[in-house]
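The file target.txt contains compact mmCIF, C-alpha atoms and all ligand atoms:
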# COMPACT_ATOMS: atom_id res chain seq x y z
CA MET A 1 78.82 43.16 117.22
CA THR A 2 82.23 44.34 118.33
CA LEU A 3 84.95 44.63 115.78
CA SER A 4 87.49 42.89 117.95
CA ARG A 5 85.54 39.63 117.35
CA ALA A 6 85.73 40.17 113.58
CA GLY A 7 89.08 38.61 112.81
CA THR A 8 91.95 38.06 115.15
CA ALA A 9 94.21 40.91 114.09
CA TRP A 10 92.09 43.85 115.30
CA ARG A 11 92.11 44.30 119.06
CA SER A 12 90.36 46.41 121.64
CA PRO A 13 92.55 49.41 122.52
CA ALA A 14 93.32 48.02 125.98
CA LEU A 15 96.38 46.24 124.58
CA PHE A 16 99.78 47.85 123.97
CA MET A 17 99.79 51.02 121.94
CA PRO A 18 102.59 53.51 121.38
CA PRO A 19 101.99 56.24 124.00
CA PRO A 20 102.14 59.16 121.49
CA LEU A 21 99.32 57.54 119.47
CA ARG A 22 97.16 56.45 122.39
CA GLY A 23 94.93 59.53 122.28
CA TRP A 24 94.51 59.30 118.50
CA LEU A 25 93.71 55.58 118.57
CA THR A 26 91.18 55.73 121.37
CA ASP A 27 89.33 59.05 120.96
CA PRO A 28 85.68 58.07 120.31
CA HIS A 29 84.78 61.47 118.92
CA SER A 30 85.31 62.87 115.41
CA LEU A 31 88.87 62.48 114.15
CA THR A 32 88.22 65.43 111.84
CA ALA A 33 87.41 67.62 114.84
CA ARG A 34 90.50 66.41 116.71
CA ILE A 35 92.79 67.25 113.80
CA ARG A 36 91.09 70.58 113.16
CA ALA A 37 91.74 71.58 116.77
CA ARG A 38 95.48 70.99 116.25
CA CYS A 39 96.15 72.78 112.94
CA ARG A 40 95.36 76.00 111.12
CA HIS A 41 94.09 74.50 107.88
CA PHE A 42 92.37 71.14 107.57
CA SER A 43 91.52 69.54 104.24
CA VAL A 44 90.27 66.25 102.80
CA GLN A 45 91.91 64.94 99.63
CA PRO A 46 89.66 62.35 97.94
CA LEU A 47 91.78 59.60 96.41
CA ARG A 48 89.39 56.94 95.18
CA THR A 49 85.72 56.07 95.48
CA GLY A 50 84.20 53.02 93.85
CA ARG A 51 84.12 49.27 93.76
CA ALA A 52 86.99 47.77 95.68
CA ALA A 53 88.27 44.31 96.53
CA LEU A 54 88.06 44.02 100.30
CA ALA A 55 89.72 41.90 102.92
CA ALA A 56 87.47 39.03 103.98
CA ASP A 57 86.74 40.46 107.44
CA GLU A 58 85.78 43.84 105.95
CA ALA A 59 83.32 42.27 103.53
CA SER A 60 81.70 40.27 106.31
CA LEU A 61 81.35 43.37 108.48
CA VAL A 62 79.40 45.24 105.78
CA GLY A 63 77.54 42.13 104.69
CA CYS A 64 78.56 41.79 101.06
CA GLY A 65 80.91 39.86 98.81
CA ARG A 66 84.57 40.83 98.80
CA ALA A 67 84.43 42.22 95.24
CA ARG A 68 81.07 43.94 95.59
CA ALA A 69 81.62 46.61 98.20
CA VAL A 70 82.12 50.31 97.58
CA SER A 71 84.98 52.12 99.28
CA ARG A 72 86.01 55.73 99.74
CA GLU A 73 89.66 56.53 100.34
CA VAL A 74 90.94 59.93 101.35
CA LEU A 75 93.90 61.66 102.90
CA LEU A 76 93.21 63.98 105.80
CA ARG A 77 95.66 66.85 105.68
CA ALA A 78 96.73 69.19 108.48
CA ASP A 79 98.32 72.38 107.14
CA GLY A 80 98.92 70.48 103.92
CA ARG A 81 100.61 67.47 105.50
CA PRO A 82 98.90 64.06 105.13
CA VAL A 83 98.20 62.77 108.65
CA VAL A 84 95.52 60.09 108.11
CA PHE A 85 94.69 57.69 105.31
CA ALA A 86 90.99 56.88 105.71
CA HIS A 87 89.31 53.88 104.07
CA SER A 88 85.53 53.66 104.41
CA VAL A 89 83.44 50.76 103.13
CA VAL A 90 79.72 50.40 102.52
CA ASN A 91 77.44 47.78 100.99
CA PRO A 92 76.38 49.11 97.54
CA ARG A 93 72.77 48.23 98.32
CA ASP A 94 72.83 51.07 100.88
CA LEU A 95 74.12 53.79 98.52
CA HIS A 96 70.57 54.56 97.39
CA GLY A 97 69.14 54.06 100.85
CA VAL A 98 70.43 54.49 104.36
CA TRP A 99 73.97 55.55 103.30
CA HIS A 100 72.99 57.74 100.32
CA MET A 101 75.12 60.60 101.75
CA PHE A 102 78.22 58.43 101.13
CA ARG A 103 77.98 59.09 97.39
CA GLY A 104 78.27 62.86 97.30
CA VAL A 105 80.72 63.56 100.13
CA GLY A 106 83.55 64.74 97.86
CA SER A 107 86.11 66.86 99.68
CA ARG A 108 83.92 67.33 102.71
CA PRO A 109 84.91 65.23 105.75
CA LEU A 110 82.66 62.19 106.15
CA GLY A 111 82.78 62.76 109.89
CA ALA A 112 80.92 66.05 109.54
CA LEU A 113 77.96 64.01 108.31
CA LEU A 114 78.34 61.05 110.64
CA PHE A 115 78.58 63.01 113.88
CA ALA A 116 75.76 65.37 112.93
CA ASP A 117 73.13 62.61 112.79
CA ALA A 118 71.90 61.41 116.19
CA ARG A 119 70.49 58.28 114.51
CA ILE A 120 74.01 57.07 113.73
CA ALA A 121 75.65 54.90 116.41
CA ARG A 122 79.31 53.94 116.53
CA SER A 123 80.68 50.58 117.61
CA PRO A 124 83.68 50.41 119.98
CA LEU A 125 87.00 51.14 118.31
CA ALA A 126 89.37 48.33 117.41
CA VAL A 127 93.05 48.98 116.74
CA ARG A 128 95.72 47.19 114.80
CA ARG A 129 99.38 47.51 113.94
CA LEU A 130 99.79 47.22 110.15
CA ASP A 131 103.04 45.90 108.75
CA TRP A 132 104.21 46.28 105.15
CA ARG A 133 102.21 43.25 104.03
CA HIS A 134 98.81 44.66 104.99
CA PRO A 135 96.75 45.96 102.01
CA LEU A 136 96.16 49.33 103.66
CA HIS A 137 99.89 49.74 104.35
CA ARG A 138 100.45 49.04 100.65
CA ARG A 139 97.80 51.60 99.68
CA VAL A 140 99.48 54.27 101.78
CA ARG A 141 102.82 53.58 100.10
CA ALA A 142 101.14 53.56 96.68
CA GLU A 143 100.01 57.14 97.38
CA GLY A 144 103.65 58.14 97.74
CA ILE A 145 103.59 58.57 101.51
CA ALA A 146 107.06 57.92 102.96
CA VAL A 147 106.69 55.07 105.45
CA SER A 148 109.65 53.39 107.15
CA GLY A 149 107.90 50.84 109.34
CA PRO A 150 104.56 49.62 110.71
CA LEU A 151 101.55 51.93 110.88
CA TRP A 152 98.85 51.98 113.53
CA ALA A 153 95.19 52.03 112.52
CA ARG A 154 91.81 52.04 114.15
CA ARG A 155 88.40 51.10 112.82
CA SER A 156 84.78 51.10 113.87
CA LEU A 157 81.32 50.51 112.44
CA PHE A 158 78.86 53.37 112.08
CA MET A 159 75.32 52.01 112.15
CA ARG A 160 72.32 53.83 110.69
CA HIS A 161 68.93 52.09 110.70
CA GLY A 162 70.79 48.85 111.24
CA ARG A 163 73.04 49.21 108.22
CA PRO A 164 76.84 49.34 108.61
CA LEU A 165 79.48 51.73 107.36
CA LEU A 166 83.01 50.55 108.19
CA VAL A 167 85.56 53.31 108.72
CA THR A 168 89.25 52.52 109.01
CA GLU A 169 91.76 55.26 109.79
CA VAL A 170 95.47 54.69 109.29
CA PHE A 171 97.68 57.15 111.15
CA LEU A 172 100.55 58.45 109.04
CA PRO A 173 104.00 59.47 110.35
CA ALA A 174 103.17 63.20 110.22
CA ILE A 175 100.47 62.74 112.87
CA SER A 176 103.27 62.87 115.44
CA GLU A 177 103.89 66.52 114.46
CA LEU A 178 100.47 67.44 115.86
CA ALA A 179 99.84 67.85 119.54
CA PRO A 180 98.86 64.45 121.05
C1 LIG B 1 84.62 59.51 110.66
C2 LIG B 1 85.24 60.65 110.48
O1 LIG B 1 85.47 61.15 109.21
C3 LIG B 1 86.81 61.27 108.80
C4 LIG B 1 86.77 61.63 107.37
C5 LIG B 1 86.66 60.62 106.43
C6 LIG B 1 86.35 60.94 104.99
O2 LIG B 1 86.17 62.15 104.66
O3 LIG B 1 86.27 59.98 104.19
C7 LIG B 1 86.82 59.27 106.80
C8 LIG B 1 87.16 58.93 108.09
C9 LIG B 1 87.49 59.95 109.10
O4 LIG B 1 88.86 60.07 109.26
C10 LIG B 1 85.71 61.50 111.61
O5 LIG B 1 85.94 62.72 111.40
O6 LIG B 1 85.82 60.94 112.72

Using the file provided, produce a representation of the structure as structure tokens.
Amino acid sequence: MTLSRAGTAWRSPALFMPPPLRGWLTDPHSLTARIRARCRHFSVQPLRTGRAALAADEASLVGCGRARAVSREVLLRADGRPVVFAHSVVNPRDLHGVWHMFRGVGSRPLGALLFADARIARSPLAVRRLDWRHPLHRRVRAEGIAVSGPLWARRSLFMRHGRPLLVTEVFLPAISELAP
């Protein structure tokens, strides 16, 4: 399954992207590692983990009802500045099975776990421009992040023993202060 077929709003990165964000939106490796290489101090600020109402295409990608999924939301900070709002979603049936590590991540970066396990495969990245109406744009604003226009995001599925973990990363304005 490629994410670009799940819904019409997420597209393969081949389409237009703002040049300064192109590297961030298309890098298939760990975003944590990319940020760490461009700052002195990297940190993860957990915001919320628990049951969450999902968009319909998210729920279908993780194979559960819209109100039943479990999400983890964090801010990735570079030298204290929030540069990414990450929203990860898993089917609760997998929290005690294939995705048990999702429960105790805390302030560690999820990517450190995902990219350390050779049994985890990643689907191709899909990108999207989020305007003020999108739920994730609203969540970013609700966290007090100053946003004056659309935000660009990317998402992909991490698969472990056939079970999906959907990771969506919304790039915040301060990402432009890091080297591309
Ligand atoms: C998937 C990665 O993990 C990052 C860290 C996350 C977290 O701690 O919740 C979520 C998504 C990513 O921005 C990565 O580093 O690429």

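Reported to one decimal place, the separation of atom C4 of ligand LIG 1 (chain B) from CA of Arg72 (chain A) is 9.7 Å.
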
From A:Arg51, A:Arg68, A:His161, A:His29, residue lying nearest Gly97 (chain A) [all atoms listed in the file]: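 Closest residue, counting all atoms listed in the file: A:His161.
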
Which residue of A:Trp132, A:Phe42, A:Trp152, A:Phe115 approaches ligand LIG 1 (chain B) most closely, using all atoms listed in the file: A:Phe115

Met17 (chain A) environment, 12 Å, all atoms listed in the file, sequence neighbours closer than 6 positions dropped, as a list in words: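 In the requested form, the answer reads Arg11, Gly23, Trp24, Leu25, Thr26, Ala126, Val127, Arg128, Arg129, Leu151, Trp152, Ala153 and Arg154 of chain A.
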
Surrounding residues of Glu73 (chain A) excluding itself and chain neighbours under 3 positions, 10 Å, all atoms listed in the file, as a ChimeraX atom specification: /A:45-50,76,85-89,139,167-169

How about saving the chosen residues, C-alpha atoms kept, as a PDB file, keeping the file's coordinate frame?
ATOM      1  CA  GLN A  45      91.910  64.940  99.630  1.00  0.00           C
ATOM      2  CA  PRO A  46      89.660  62.350  97.940  1.00  0.00           C
ATOM      3  CA  LEU A  47      91.780  59.600  96.410  1.00  0.00           C
ATOM      4  CA  ARG A  48      89.390  56.940  95.180  1.00  0.00           C
ATOM      5  CA  THR A  49      85.720  56.070  95.480  1.00  0.00           C
ATOM      6  CA  GLY A  50      84.200  53.020  93.850  1.00  0.00           C
ATOM      7  CA  LEU A  76      93.210  63.980 105.800  1.00  0.00           C
ATOM      8  CA  PHE A  85      94.690  57.690 105.310  1.00  0.00           C
ATOM      9  CA  ALA A  86      90.990  56.880 105.710  1.00  0.00           C
ATOM     10  CA  HIS A  87      89.310  53.880 104.070  1.00  0.00           C
ATOM     11  CA  SER A  88      85.530  53.660 104.410  1.00  0.00           C
ATOM     12  CA  VAL A  89      83.440  50.760 103.130  1.00  0.00           C
ATOM     13  CA  ARG A 139      97.800  51.600  99.680  1.00  0.00           C
ATOM     14  CA  VAL A 167      85.560  53.310 108.720  1.00  0.00           C
ATOM     15  CA  THR A 168      89.250  52.520 109.010  1.00  0.00           C
ATOM     16  CA  GLU A 169      91.760  55.260 109.790  1.00  0.00           C
TER      17      GLU A 169
END

Atomic separation - CA of Ala69 (chain A) relative to CA of Ile120 (chain A), Å: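 These atoms are spaced 20.2 Å apart.
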
Mind running chain A against ligand LIG 1 (chain B) at 6 Å and telling me each contacting residue's nearest atom pair with the distance in Å (one decimal), counting all atoms listed in the file, chain and number ascending, as JSON lines?
{"residue": "A:Ser30", "atom": "CA", "partner": "B:LIG1", "partner_atom": "O6", "distance": 3.3}
{"residue": "A:Leu31", "atom": "CA", "partner": "B:LIG1", "partner_atom": "O6", "distance": 3.7}
{"residue": "A:Thr32", "atom": "CA", "partner": "B:LIG1", "partner_atom": "O5", "distance": 3.6}
{"residue": "A:Val74", "atom": "CA", "partner": "B:LIG1", "partner_atom": "O3", "distance": 5.5}
{"residue": "A:Ala86", "atom": "CA", "partner": "B:LIG1", "partner_atom": "C7", "distance": 4.9}
{"residue": "A:Arg108", "atom": "CA", "partner": "B:LIG1", "partner_atom": "O2", "distance": 6.0}
{"residue": "A:Pro109", "atom": "CA", "partner": "B:LIG1", "partner_atom": "O2", "distance": 3.5}
{"residue": "A:Leu110", "atom": "CA", "partner": "B:LIG1", "partner_atom": "O2", "distance": 3.8}
{"residue": "A:Gly111", "atom": "CA", "partner": "B:LIG1", "partner_atom": "O1", "distance": 3.2}
{"residue": "A:Val167", "atom": "CA", "partner": "B:LIG1", "partner_atom": "C8", "distance": 5.9}
{"residue": "A:Glu169", "atom": "CA", "partner": "B:LIG1", "partner_atom": "O4", "distance": 5.6}

Separation of CA of Ala33 (chain A) from CA of Ala112 (chain A), in Å and rounded to one decimal: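 These two atoms are separated by 8.5 Å.
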
Please produce, as a Markdown table, a per-residue contact table for region 84-135 of chain A versus region 56-66 of chain A (criterion: any atom at most 9 Å away, all atoms listed in the file considered), showing the nearest atom pair and its distance in Å to one decimal, sorted by chain then residue number.
| residue | atom | partner | partner_atom | distance |
| --- | --- | --- | --- | --- |
| A:Val89 | CA | A:Val62 | CA | 7.3 |
| A:Val90 | CA | A:Val62 | CA | 6.1 |
| A:Asn91 | CA | A:Val62 | CA | 5.8 |
| A:Pro92 | CA | A:Cys64 | CA | 8.4 |

Option closest in space to Val105 (chain A), from A:Phe158, A:Asp79, A:Val44, A:Leu165 [counting all atoms listed in the file]: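 Among A:Phe158, A:Asp79, A:Val44, A:Leu165, it is A:Val44 that comes nearest to Val105 (chain A).
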
Nearest-residue call for Arg163 (chain A), choices A:Arg34, A:Arg22, A:Arg40, A:Arg122, using all atoms listed in the file: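 Among the listed residues, A:Arg122 lies closest to Arg163 (chain A).
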
N, CA, C and O atoms are needed for region 53-64 of chain A; please write them out as a PDB file, in the coordinates of the input.
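Dumped everything to result37.pdb:
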ATOM      1  N   ALA A  53      88.107  45.659  95.951  1.00  0.00           N
ATOM      2  CA  ALA A  53      88.270  44.310  96.530  1.00  0.00           C
ATOM      3  C   ALA A  53      88.629  44.489  98.002  1.00  0.00           C
ATOM      4  O   ALA A  53      89.541  45.239  98.342  1.00  0.00           O
ATOM      5  N   LEU A  54      87.883  43.842  98.852  1.00  0.00           N
ATOM      6  CA  LEU A  54      88.060  44.020 100.300  1.00  0.00           C
ATOM      7  C   LEU A  54      88.740  42.808 100.910  1.00  0.00           C
ATOM      8  O   LEU A  54      88.728  41.715 100.360  1.00  0.00           O
ATOM      9  N   ALA A  55      89.281  43.040 102.110  1.00  0.00           N
ATOM     10  CA  ALA A  55      89.720  41.900 102.920  1.00  0.00           C
ATOM     11  C   ALA A  55      88.476  41.153 103.383  1.00  0.00           C
ATOM     12  O   ALA A  55      87.385  41.736 103.503  1.00  0.00           O
ATOM     13  N   ALA A  56      88.632  39.872 103.642  1.00  0.00           N
ATOM     14  CA  ALA A  56      87.470  39.030 103.980  1.00  0.00           C
ATOM     15  C   ALA A  56      86.725  39.572 105.200  1.00  0.00           C
ATOM     16  O   ALA A  56      85.483  39.622 105.212  1.00  0.00           O
ATOM     17  N   ASP A  57      87.455  40.027 106.226  1.00  0.00           N
ATOM     18  CA  ASP A  57      86.740  40.460 107.440  1.00  0.00           C
ATOM     19  C   ASP A  57      85.998  41.762 107.193  1.00  0.00           C
ATOM     20  O   ASP A  57      84.948  42.021 107.782  1.00  0.00           O
ATOM     21  N   GLU A  58      86.504  42.613 106.279  1.00  0.00           N
ATOM     22  CA  GLU A  58      85.780  43.840 105.950  1.00  0.00           C
ATOM     23  C   GLU A  58      84.458  43.513 105.269  1.00  0.00           C
ATOM     24  O   GLU A  58      83.403  44.051 105.617  1.00  0.00           O
ATOM     25  N   ALA A  59      84.529  42.616 104.293  1.00  0.00           N
ATOM     26  CA  ALA A  59      83.320  42.270 103.530  1.00  0.00           C
ATOM     27  C   ALA A  59      82.251  41.697 104.463  1.00  0.00           C
ATOM     28  O   ALA A  59      81.073  42.037 104.363  1.00  0.00           O
ATOM     29  N   SER A  60      82.696  40.875 105.416  1.00  0.00           N
ATOM     30  CA  SER A  60      81.700  40.270 106.310  1.00  0.00           C
ATOM     31  C   SER A  60      81.093  41.323 107.233  1.00  0.00           C
ATOM     32  O   SER A  60      79.908  41.264 107.561  1.00  0.00           O
ATOM     33  N   LEU A  61      81.864  42.326 107.582  1.00  0.00           N
ATOM     34  CA  LEU A  61      81.350  43.370 108.480  1.00  0.00           C
ATOM     35  C   LEU A  61      80.290  44.243 107.797  1.00  0.00           C
ATOM     36  O   LEU A  61      79.373  44.745 108.441  1.00  0.00           O
ATOM     37  N   VAL A  62      80.404  44.436 106.484  1.00  0.00           N
ATOM     38  CA  VAL A  62      79.400  45.240 105.780  1.00  0.00           C
ATOM     39  C   VAL A  62      78.393  44.362 105.045  1.00  0.00           C
ATOM     40  O   VAL A  62      77.510  44.853 104.340  1.00  0.00           O
ATOM     41  N   GLY A  63      78.555  43.039 105.193  1.00  0.00           N
ATOM     42  CA  GLY A  63      77.540  42.130 104.690  1.00  0.00           C
ATOM     43  C   GLY A  63      77.450  42.018 103.185  1.00  0.00           C
ATOM     44  O   GLY A  63      76.352  41.977 102.611  1.00  0.00           O
ATOM     45  N   CYS A  64      78.622  41.998 102.516  1.00  0.00           N
ATOM     46  CA  CYS A  64      78.560  41.790 101.060  1.00  0.00           C
ATOM     47  C   CYS A  64      79.789  41.024 100.613  1.00  0.00           C
ATOM     48  O   CYS A  64      80.743  40.844 101.372  1.00  0.00           O
TER      49      CYS A  64
END
